[in-house]
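entry.tsv follows (TSV, C-alpha atoms):
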```
chain	number	residue	atom	x	y	z
A	1	MET	CA	-21.77	-76.07	-89.77
A	2	ALA	CA	-24.74	-73.71	-89.68
A	3	LEU	CA	-22.47	-70.79	-90.53
A	4	ALA	CA	-20.76	-72.78	-93.27
A	5	ARG	CA	-24.16	-73.49	-94.81
A	6	GLY	CA	-25.07	-69.82	-94.90
A	7	TRP	CA	-27.13	-69.38	-91.75
A	8	GLU	CA	-26.92	-66.10	-89.84
A	9	LEU	CA	-26.17	-67.34	-86.33
A	10	THR	CA	-27.00	-65.54	-83.10
A	11	LEU	CA	-25.85	-67.01	-79.79
A	12	LEU	CA	-27.58	-65.92	-76.61
A	13	ASN	CA	-25.71	-66.76	-73.41
A	14	ARG	CA	-24.16	-65.24	-70.30
A	15	GLY	CA	-20.96	-64.33	-72.13
A	16	THR	CA	-18.69	-66.38	-69.88
A	17	ASN	CA	-17.21	-68.31	-72.83
A	18	ALA	CA	-17.24	-65.61	-75.48
A	19	ALA	CA	-13.91	-66.79	-76.88
A	20	ARG	CA	-15.50	-70.07	-77.95
A	21	ALA	CA	-18.04	-68.40	-80.24
A	22	PRO	CA	-17.35	-69.36	-83.86
A	23	ARG	CA	-16.16	-66.64	-86.20
A	24	GLY	CA	-19.11	-64.98	-87.86
A	25	ALA	CA	-21.60	-65.57	-85.05
A	26	ARG	CA	-23.28	-62.69	-83.27
A	27	VAL	CA	-23.39	-62.97	-79.48
A	28	LEU	CA	-26.14	-61.52	-77.30
A	29	THR	CA	-25.42	-61.48	-73.58
A	30	ALA	CA	-28.25	-62.47	-71.26
A	31	ASP	CA	-29.09	-65.25	-68.83
A	32	ILE	CA	-31.94	-67.34	-70.27
A	33	HIS	CA	-33.34	-67.69	-66.74
A	34	ASP	CA	-33.81	-63.91	-66.59
A	35	GLU	CA	-36.83	-63.57	-68.85
A	36	ALA	CA	-36.90	-59.78	-68.77
A	37	ALA	CA	-33.22	-59.55	-69.71
A	38	VAL	CA	-33.75	-61.94	-72.62
A	39	LYS	CA	-36.68	-59.91	-73.91
A	40	ALA	CA	-34.56	-56.77	-73.74
A	41	ALA	CA	-31.69	-58.45	-75.58
A	42	LEU	CA	-33.95	-59.80	-78.33
A	43	GLY	CA	-35.93	-56.60	-78.83
A	44	ASP	CA	-38.32	-56.93	-81.77
A	45	GLU	CA	-36.18	-59.45	-83.66
A	46	ARG	CA	-37.64	-62.56	-85.24
A	47	PHE	CA	-35.84	-65.77	-86.11
A	48	ASP	CA	-36.24	-68.66	-88.52
A	49	VAL	CA	-35.13	-71.05	-85.77
A	50	ALA	CA	-34.70	-70.81	-82.01
A	51	VAL	CA	-32.89	-73.61	-80.17
A	52	ASP	CA	-32.62	-74.09	-76.41
A	53	PHE	CA	-29.81	-76.48	-75.49
A	54	ILE	CA	-30.25	-76.06	-71.72
A	55	ALA	CA	-33.99	-76.51	-71.14
A	56	PHE	CA	-34.38	-79.27	-68.57
A	57	THR	CA	-37.72	-78.71	-66.84
A	58	GLU	CA	-41.28	-77.96	-67.85
A	59	GLU	CA	-40.86	-74.48	-66.34
A	60	ASP	CA	-37.95	-73.88	-68.73
A	61	VAL	CA	-39.98	-74.68	-71.84
A	62	GLN	CA	-43.00	-72.76	-70.55
A	63	ARG	CA	-40.71	-69.73	-70.41
A	64	ASP	CA	-39.42	-70.46	-73.91
A	65	VAL	CA	-42.95	-70.57	-75.31
A	66	ARG	CA	-43.58	-67.13	-73.80
A	67	LEU	CA	-40.33	-65.85	-75.31
A	68	PHE	CA	-40.49	-67.38	-78.78
A	69	ALA	CA	-44.17	-67.87	-79.70
A	70	GLY	CA	-44.69	-65.55	-82.67
A	71	ARG	CA	-40.96	-64.72	-82.71
A	72	ALA	CA	-39.53	-67.95	-84.16
A	73	ALA	CA	-40.77	-69.96	-87.15
A	74	GLN	CA	-39.35	-73.10	-85.51
A	75	TYR	CA	-38.40	-73.93	-81.93
A	76	ILE	CA	-36.09	-76.91	-81.40
A	77	PHE	CA	-36.12	-78.58	-78.00
A	78	ILE	CA	-33.17	-80.76	-77.04
A	79	SER	CA	-34.69	-83.76	-75.29
A	80	SER	CA	-32.87	-87.04	-74.62
A	81	ALA	CA	-32.95	-90.63	-75.88
A	82	SER	CA	-32.76	-91.61	-72.21
A	83	ALA	CA	-36.46	-90.72	-72.10
A	84	TYR	CA	-37.26	-93.92	-73.99
A	85	GLN	CA	-38.76	-96.83	-72.07
A	86	LYS	CA	-36.40	-98.43	-69.53
A	87	PRO	CA	-36.02	-101.32	-69.75
A	88	VAL	CA	-36.94	-101.16	-73.42
A	89	ALA	CA	-39.45	-103.81	-74.47
A	90	ALA	CA	-38.13	-104.20	-78.01
A	91	LEU	CA	-35.17	-103.22	-80.15
A	92	PRO	CA	-34.46	-101.29	-82.25
A	93	ILE	CA	-35.68	-98.10	-80.60
A	94	THR	CA	-37.85	-95.94	-82.85
A	95	GLU	CA	-39.44	-92.57	-82.22
A	96	SER	CA	-42.67	-94.41	-81.36
A	97	THR	CA	-41.02	-96.37	-78.54
A	98	PRO	CA	-42.86	-95.34	-75.32
A	99	LEU	CA	-41.36	-92.63	-73.15
A	100	ALA	CA	-41.01	-93.91	-69.58
A	101	ASN	CA	-37.96	-93.89	-67.33
A	102	PRO	CA	-38.61	-94.84	-63.70
A	103	TYR	CA	-34.92	-94.55	-62.80
A	104	TRP	CA	-33.95	-91.00	-63.77
A	105	GLN	CA	-35.63	-87.73	-62.85
A	106	TYR	CA	-33.67	-85.97	-65.61
A	107	SER	CA	-35.42	-88.15	-68.19
A	108	ARG	CA	-38.84	-87.75	-66.62
A	109	ASP	CA	-38.38	-83.97	-66.71
A	110	LYS	CA	-37.51	-84.18	-70.41
A	111	ILE	CA	-40.68	-86.23	-71.00
A	112	ALA	CA	-42.73	-83.57	-69.21
A	113	CYS	CA	-41.15	-80.92	-71.44
A	114	GLU	CA	-42.03	-82.90	-74.56
A	115	ASN	CA	-45.61	-83.40	-73.43
A	116	PHE	CA	-46.08	-79.70	-72.74
A	117	LEU	CA	-44.57	-78.62	-76.07
A	118	MET	CA	-46.58	-81.10	-78.12
A	119	GLU	CA	-49.74	-79.91	-76.38
A	120	ARG	CA	-48.87	-76.34	-77.38
A	121	TYR	CA	-48.30	-77.56	-80.95
A	122	ARG	CA	-51.64	-79.35	-81.12
A	123	GLU	CA	-53.67	-76.59	-79.46
A	124	GLU	CA	-51.89	-73.43	-80.59
A	125	GLY	CA	-49.66	-74.41	-83.50
A	126	PHE	CA	-46.46	-73.66	-81.60
A	127	PRO	CA	-43.79	-74.77	-84.15
A	128	VAL	CA	-41.83	-77.28	-82.09
A	129	THR	CA	-39.32	-79.86	-83.25
A	130	ILE	CA	-38.09	-82.32	-80.62
A	131	VAL	CA	-34.57	-83.74	-80.97
A	132	ARG	CA	-33.53	-86.75	-78.88
A	133	PRO	CA	-29.75	-87.21	-78.81
A	134	SER	CA	-28.22	-90.20	-77.11
A	135	HIS	CA	-24.57	-90.14	-75.97
A	136	THR	CA	-22.98	-87.38	-78.09
A	137	TYR	CA	-19.28	-86.69	-77.64
A	138	CYS	CA	-16.39	-84.71	-79.12
A	139	GLY	CA	-12.65	-84.26	-78.75
A	140	GLY	CA	-12.72	-83.10	-75.17
A	141	LYS	CA	-15.14	-85.73	-73.89
A	142	ALA	CA	-14.15	-89.38	-73.96
A	143	VAL	CA	-16.87	-92.04	-73.87
A	144	VAL	CA	-16.99	-93.65	-70.41
A	145	ALA	CA	-19.81	-95.41	-68.58
A	146	LEU	CA	-19.48	-93.42	-65.34
A	147	HIS	CA	-17.45	-90.55	-64.02
A	148	GLY	CA	-17.41	-88.04	-61.21
A	149	ALA	CA	-18.30	-84.37	-61.08
A	150	ARG	CA	-15.15	-83.31	-62.95
A	151	GLY	CA	-15.54	-85.28	-66.13
A	152	CYS	CA	-14.01	-88.30	-67.78
A	153	TRP	CA	-10.29	-87.73	-67.27
A	154	GLN	CA	-9.97	-89.56	-63.95
A	155	THR	CA	-11.14	-92.80	-65.59
A	156	LEU	CA	-8.44	-92.42	-68.24
A	157	ALA	CA	-5.90	-91.62	-65.52
A	158	ARG	CA	-6.81	-94.85	-63.73
A	159	ILE	CA	-6.23	-96.80	-66.95
A	160	ARG	CA	-2.83	-95.16	-67.44
A	161	ALA	CA	-1.87	-95.87	-63.82
A	162	GLY	CA	-2.82	-99.53	-64.13
A	163	LYS	CA	-5.58	-99.22	-61.54
A	164	PRO	CA	-8.80	-101.24	-61.78
A	165	VAL	CA	-11.42	-99.46	-63.86
A	166	ILE	CA	-15.08	-99.99	-63.02
A	167	ILE	CA	-17.25	-101.31	-65.86
A	168	PRO	CA	-20.97	-101.70	-65.08
A	169	GLY	CA	-22.39	-105.23	-65.10
A	170	ASP	CA	-20.33	-107.66	-67.14
A	171	GLY	CA	-19.54	-105.12	-69.85
A	172	THR	CA	-21.62	-106.86	-72.51
A	173	SER	CA	-24.51	-104.38	-72.78
A	174	LEU	CA	-24.60	-102.60	-76.13
A	175	TRP	CA	-24.14	-98.84	-76.25
A	176	THR	CA	-24.30	-96.16	-78.93
A	177	ALA	CA	-22.19	-93.00	-78.97
A	178	THR	CA	-22.44	-90.39	-81.71
A	179	HIS	CA	-19.66	-88.00	-82.67
A	180	ALA	CA	-20.67	-84.32	-82.59
A	181	ASP	CA	-19.55	-83.87	-86.22
A	182	ASP	CA	-22.08	-86.48	-87.33
A	183	PHE	CA	-24.79	-85.19	-84.99
A	184	ALA	CA	-24.35	-81.72	-86.49
A	185	VAL	CA	-25.30	-82.94	-89.98
A	186	GLY	CA	-28.64	-84.25	-88.74
A	187	PHE	CA	-29.29	-81.30	-86.50
A	188	VAL	CA	-28.54	-78.54	-89.01
A	189	GLY	CA	-30.59	-80.46	-91.56
A	190	LEU	CA	-33.62	-80.14	-89.29
A	191	MET	CA	-33.23	-76.37	-88.99
A	192	GLY	CA	-35.83	-74.65	-91.12
A	193	ASN	CA	-37.12	-78.03	-92.30
A	194	PRO	CA	-40.93	-77.80	-92.60
A	195	HIS	CA	-41.28	-81.60	-92.40
A	196	ALA	CA	-39.76	-81.53	-88.90
A	197	LEU	CA	-42.46	-79.40	-87.30
A	198	GLY	CA	-44.66	-81.08	-84.72
A	199	THR	CA	-42.56	-84.20	-84.53
A	200	ALA	CA	-39.80	-85.86	-82.52
A	201	VAL	CA	-36.68	-87.45	-83.95
A	202	HIS	CA	-33.57	-89.01	-82.49
A	203	ILE	CA	-30.14	-88.41	-83.98
A	204	THR	CA	-27.63	-91.18	-83.36
A	205	THR	CA	-25.15	-93.28	-85.24
A	206	ASP	CA	-26.26	-96.70	-86.47
A	207	GLU	CA	-23.31	-98.39	-84.79
A	208	GLY	CA	-23.12	-100.03	-81.38
A	209	MET	CA	-20.32	-101.36	-79.20
A	210	THR	CA	-20.29	-103.19	-75.89
A	211	TRP	CA	-18.76	-101.43	-72.92
A	212	ASN	CA	-16.00	-104.06	-72.98
A	213	GLN	CA	-15.17	-103.02	-76.53
A	214	ILE	CA	-15.34	-99.32	-75.67
A	215	TYR	CA	-12.98	-99.66	-72.71
A	216	ALA	CA	-10.60	-101.79	-74.77
A	217	VAL	CA	-10.36	-98.92	-77.27
A	218	LEU	CA	-9.84	-96.41	-74.44
A	219	ALA	CA	-7.01	-98.50	-72.99
A	220	SER	CA	-5.38	-98.97	-76.39
A	221	ALA	CA	-5.51	-95.23	-77.01
A	222	MET	CA	-3.95	-94.63	-73.58
A	223	GLY	CA	-1.18	-97.11	-74.40
A	224	ALA	CA	-1.91	-99.18	-71.30
A	225	PRO	CA	-3.48	-102.57	-70.54
A	226	LEU	CA	-7.04	-102.54	-69.25
A	227	CYS	CA	-7.60	-103.78	-65.72
A	228	ALA	CA	-11.37	-104.24	-65.85
A	229	ALA	CA	-13.35	-104.44	-62.62
A	230	TYR	CA	-16.96	-105.52	-63.11
A	231	VAL	CA	-19.52	-104.18	-60.65
A	232	ALA	CA	-23.30	-104.62	-60.76
A	233	SER	CA	-25.09	-101.44	-61.81
A	234	LYS	CA	-27.53	-101.66	-58.88
A	235	PHE	CA	-24.60	-101.87	-56.46
A	236	LEU	CA	-23.01	-98.83	-58.15
A	237	ALA	CA	-26.30	-96.97	-57.78
A	238	VAL	CA	-26.43	-97.65	-54.04
A	239	CYS	CA	-22.77	-96.77	-53.51
A	240	GLY	CA	-23.08	-93.68	-55.69
A	241	ARG	CA	-26.08	-92.35	-53.79
A	242	ALA	CA	-24.03	-92.13	-50.59
A	243	ALA	CA	-21.44	-90.01	-52.40
A	244	GLY	CA	-23.91	-87.77	-54.23
A	245	TYR	CA	-23.66	-89.54	-57.62
A	246	ASP	CA	-26.88	-90.38	-59.45
A	247	PHE	CA	-25.77	-93.64	-61.01
A	248	GLU	CA	-29.25	-95.10	-60.66
A	249	GLY	CA	-30.38	-92.68	-63.35
A	250	GLN	CA	-27.21	-92.62	-65.42
A	251	LEU	CA	-26.76	-96.40	-65.43
A	252	LEU	CA	-30.08	-98.18	-64.79
A	253	GLY	CA	-31.91	-95.38	-66.60
A	254	ASP	CA	-29.46	-95.10	-69.47
A	255	LYS	CA	-25.99	-96.54	-70.00
A	256	ALA	CA	-26.52	-100.01	-68.52
A	257	ALA	CA	-29.40	-100.71	-70.90
A	258	ASN	CA	-28.97	-102.35	-74.28
A	259	VAL	CA	-29.73	-99.77	-76.96
A	260	ARG	CA	-29.90	-99.86	-80.72
A	261	PHE	CA	-31.59	-97.09	-82.68
A	262	ASP	CA	-33.53	-97.13	-85.92
A	263	ASN	CA	-32.48	-93.92	-87.69
A	264	THR	CA	-34.88	-94.21	-90.61
A	265	LYS	CA	-36.74	-91.04	-89.63
A	266	ILE	CA	-33.75	-88.67	-89.43
A	267	LYS	CA	-32.42	-90.09	-92.71
A	268	ARG	CA	-35.76	-89.41	-94.36
A	269	LEU	CA	-35.91	-85.86	-92.99
A	270	VAL	CA	-32.22	-85.14	-93.67
A	271	PRO	CA	-31.06	-87.22	-96.67
A	272	ASP	CA	-27.38	-86.29	-96.20
A	273	PHE	CA	-27.30	-87.67	-92.66
A	274	ALA	CA	-24.89	-90.61	-92.88
A	275	PRO	CA	-22.55	-90.92	-89.85
A	276	ARG	CA	-18.94	-91.13	-90.98
A	277	VAL	CA	-17.04	-91.28	-87.68
A	278	SER	CA	-16.92	-94.88	-86.44
A	279	MET	CA	-17.19	-95.33	-82.70
A	280	ALA	CA	-13.70	-96.83	-82.43
A	281	GLN	CA	-12.21	-94.01	-84.51
A	282	GLY	CA	-14.06	-91.32	-82.58
A	283	ILE	CA	-13.33	-92.75	-79.13
A	284	ARG	CA	-9.64	-93.02	-79.95
A	285	GLY	CA	-9.64	-89.51	-81.35
A	286	ALA	CA	-11.26	-88.10	-78.20
A	287	VAL	CA	-8.54	-89.68	-76.04
A	288	GLU	CA	-5.79	-88.40	-78.31
A	289	TYR	CA	-7.29	-84.91	-78.11
A	290	LEU	CA	-7.31	-85.04	-74.32
A	291	LEU	CA	-3.72	-86.27	-74.21
A	292	ALA	CA	-2.69	-83.36	-76.44
A	293	HIS	CA	-4.47	-80.80	-74.22
A	294	PRO	CA	-3.19	-81.03	-70.63
A	295	GLU	CA	-5.47	-78.15	-69.61
A	296	LEU	CA	-8.43	-80.51	-70.09
A	297	GLN	CA	-6.96	-83.26	-67.91
A	298	THR	CA	-8.92	-82.40	-64.78
A	299	PRO	CA	-8.12	-84.65	-61.81
A	300	ASP	CA	-11.02	-85.89	-59.71
A	301	PRO	CA	-9.56	-87.31	-56.49
A	302	GLU	CA	-13.02	-87.69	-54.93
A	303	PHE	CA	-14.18	-89.98	-57.73
A	304	ASP	CA	-10.88	-91.84	-57.69
A	305	THR	CA	-11.25	-92.54	-53.95
A	306	TRP	CA	-14.87	-93.55	-54.44
A	307	CYS	CA	-13.86	-96.13	-57.08
A	308	ASP	CA	-11.29	-97.60	-54.68
A	309	ARG	CA	-13.87	-97.79	-51.88
A	310	VAL	CA	-16.44	-99.50	-54.10
A	311	LEU	CA	-13.94	-102.10	-55.25
A	312	ALA	CA	-12.75	-102.67	-51.68
A	313	ALA	CA	-16.34	-103.18	-50.53
A	314	GLN	CA	-16.98	-105.67	-53.32
A	315	SER	CA	-13.78	-107.54	-52.49
A	316	ALA	CA	-14.75	-107.70	-48.83
A	317	ALA	CA	-18.15	-109.15	-49.74
A	318	LYS	CA	-16.52	-111.78	-51.93
A	319	ALA	CA	-14.11	-112.69	-49.15
A	320	VAL	CA	-17.02	-113.64	-46.89
A	321	PHE	CA	-17.87	-116.45	-49.27
A	322	ASP	CA	-14.31	-117.45	-50.06
A	323	GLY	CA	-13.73	-121.10	-49.27
A	324	ALA	CA	-10.91	-120.23	-46.89
A	325	HIS	CA	-13.33	-118.28	-44.71
A	326	LEU	CA	-16.09	-120.88	-44.56
A	327	ALA	CA	-16.34	-123.05	-41.44
```
For this file, write the structure as structure tokens.
Amino acid sequence: MALARGWELTLLNRGTNAARAPRGARVLTADIHDEAAVKAALGDERFDVAVDFIAFTEEDVQRDVRLFAGRAAQYIFISSASAYQKPVAALPITESTPLANPYWQYSRDKIACENFLMERYREEGFPVTIVRPSHTYCGGKAVVALHGARGCWQTLARIRAGKPVIIPGDGTSLWTATHADDFAVGFVGLMGNPHALGTAVHITTDEGMTWNQIYAVLASAMGAPLCAAYVASKFLAVCGRAAGYDFEGQLLGDKAANVRFDNTKIKRLVPDFAPRVSMAQGIRGAVEYLLAHPELQTPDPEFDTWCDRVLAAQSAAKAVFDGAHLA
């Protein structure tokens, strides 16, 4: 979208996915974690906008300030809507909702990044814009509540196989997922936007769906009935920890919480931001894309086995209190 709107686009990365660079973009090869190599690659160039999509810690943004102060007229930091207060005290969520997430280190690190960058803005005029996406997805990434280390496909495979699919809680919490095509409109509209300097803004769709509704759409797109298995998020967090999954952060600190966003600010900053991809349409489209691209259907037997073990443990606990087992 940036290229289509006339921006000259430079991508700086390690060059491992050069084939994915859009036509017309210039690619500089360097590892952002190698500060000297980045400086050499950039030379004396200056930019209207610099964006770091993979800054996760305060050390990362400290490095970026060293690299781009005086070199970029705007620096965009990708934060996260998971940084908002959990549990949230009031809906809808606005940009003034407190930032506090006791469940997820990822979110706390993003908060630390924001605090550092805003301090640099206030004290030195560093031209930061903070963007807080929520759950953003595209054709290769279906919307699921939890998955293993190899992505979402195993959940879809369980649906197709008729196996029980874990849904956190009772599936009634409200979630928001934004298609990348819609996110792009808001994001590109912030690039070079003088009104966006020194401020934070989230970019999400206005729509919300319960996890029950989301999984019903997934199952319909897979052409299979949904065998829903409801498991408490706290239980999933405990079981996940033993297997190396951080579901305390991803669920209690994010997806298990009711969310609804007030997008007044992004619409004021970017008047053409008006999400057009409905969640049902986008979720179905993501599944159809995965079904049409077998190379993206990555099995995750470890996660599949973990799901079976969790459900077996829950069934065993229920059996203890089954009337047939009581004296």
- Atomic separation - CA of Glu288 (chain A) relative to CA of His202 (chain A), Å: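 About the pair CA of His202 (chain A) and CA of Glu288 (chain A): they are 28.1 Å apart.
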- If you count only C-alpha atoms, which residues fall within 12 Å of Pro194 (chain A), apart from same-chain ones fewer than 4 positions away, as a list of chain:residue names? A:Asp48, A:Val49, A:Ala73, A:Gln74, A:Tyr75, A:Pro127, A:Val128, A:Thr129, A:Gly189, A:Leu190, A:Gly198, A:Thr199, A:Leu269, A:Val270
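All residues of protein, DNA or RNA that reach within 10 Å of region 240-243 of chain A, judged by all atoms listed in the file and not counting those fewer than 2 positions away in the chain, are Gly148, Lys234, Phe235, Leu236, Ala237, Val238, Tyr245, Asp246, Phe247, Glu248, Glu302, Phe303, Trp306, Cys307 and Val310 of chain A.
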- Which value, in Å to one decimal, gives the distance between CA of Gly125 (chain A) and CA of Gly70 (chain A)?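 Distance between the two atoms: 10.2 Å.
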- Item | Who sits within 8 Å of Glu58 (chain A), only C-alpha atoms, same chain under 5 positions skipped, as number ranges by chain | A: 109-110, 112-113, 116
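Between Val185 (chain A) and the candidates A:Val51, A:Ala25, A:Val277, A:Leu42, the tightest atom-to-atom separation, counting all atoms listed in the file, involves A:Val277.
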- Query: Looking at A:Arg276, A:Lys141, A:His147, A:Lys86, which one is nearest to Ile167 (chain A), with distances taken over all atoms listed in the file?
  - Reply: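 Among the listed residues, the smallest separation from Ile167 (chain A) belongs to A:His147.
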Kindly output region 270-282 of chain A as a short mmCIF file (atom, residue, chain, number, x, y, z; two decimals), in the coordinates of the input, after building N, CA, C and O atoms.
```cif
data_model
loop_
_atom_site.label_atom_id
_atom_site.label_comp_id
_atom_site.auth_asym_id
_atom_site.auth_seq_id
_atom_site.Cartn_x
_atom_site.Cartn_y
_atom_site.Cartn_z
N VAL A 270 -33.51 -85.76 -93.28
CA VAL A 270 -32.22 -85.14 -93.67
C VAL A 270 -31.45 -86.16 -94.50
O VAL A 270 -30.69 -86.97 -93.97
N PRO A 271 -31.65 -86.18 -95.83
CA PRO A 271 -31.06 -87.22 -96.67
C PRO A 271 -29.54 -87.31 -96.60
O PRO A 271 -28.98 -88.38 -96.86
N ASP A 272 -28.84 -86.21 -96.24
CA ASP A 272 -27.38 -86.29 -96.20
C ASP A 272 -26.85 -86.76 -94.85
O ASP A 272 -25.63 -86.80 -94.62
N PHE A 273 -27.76 -87.14 -93.93
CA PHE A 273 -27.30 -87.67 -92.66
C PHE A 273 -26.81 -89.10 -92.85
O PHE A 273 -27.60 -90.01 -93.12
N ALA A 274 -25.52 -89.29 -92.72
CA ALA A 274 -24.89 -90.61 -92.88
C ALA A 274 -23.62 -90.60 -92.04
O ALA A 274 -22.56 -90.17 -92.51
N PRO A 275 -23.71 -91.01 -90.75
CA PRO A 275 -22.55 -90.92 -89.85
C PRO A 275 -21.29 -91.51 -90.46
O PRO A 275 -21.30 -92.62 -91.00
N ARG A 276 -20.21 -90.74 -90.37
CA ARG A 276 -18.94 -91.13 -90.98
C ARG A 276 -17.86 -91.46 -89.96
O ARG A 276 -16.85 -92.05 -90.30
N VAL A 277 -18.05 -91.04 -88.71
CA VAL A 277 -17.04 -91.28 -87.68
C VAL A 277 -17.41 -92.57 -86.95
O VAL A 277 -18.40 -92.61 -86.20
N SER A 278 -16.64 -93.64 -87.14
CA SER A 278 -16.92 -94.88 -86.44
C SER A 278 -16.69 -94.67 -84.95
O SER A 278 -15.91 -93.80 -84.54
N MET A 279 -17.35 -95.48 -84.14
CA MET A 279 -17.19 -95.33 -82.70
C MET A 279 -15.74 -95.55 -82.28
O MET A 279 -15.19 -94.77 -81.49
N ALA A 280 -15.09 -96.57 -82.81
CA ALA A 280 -13.70 -96.83 -82.43
C ALA A 280 -12.80 -95.66 -82.83
O ALA A 280 -11.95 -95.21 -82.05
N GLN A 281 -13.00 -95.15 -84.04
CA GLN A 281 -12.21 -94.01 -84.51
C GLN A 281 -12.46 -92.78 -83.65
O GLN A 281 -11.53 -92.08 -83.25
N GLY A 282 -13.73 -92.50 -83.35
CA GLY A 282 -14.06 -91.32 -82.58
C GLY A 282 -13.61 -91.40 -81.14
O GLY A 282 -13.11 -90.42 -80.57
#
```
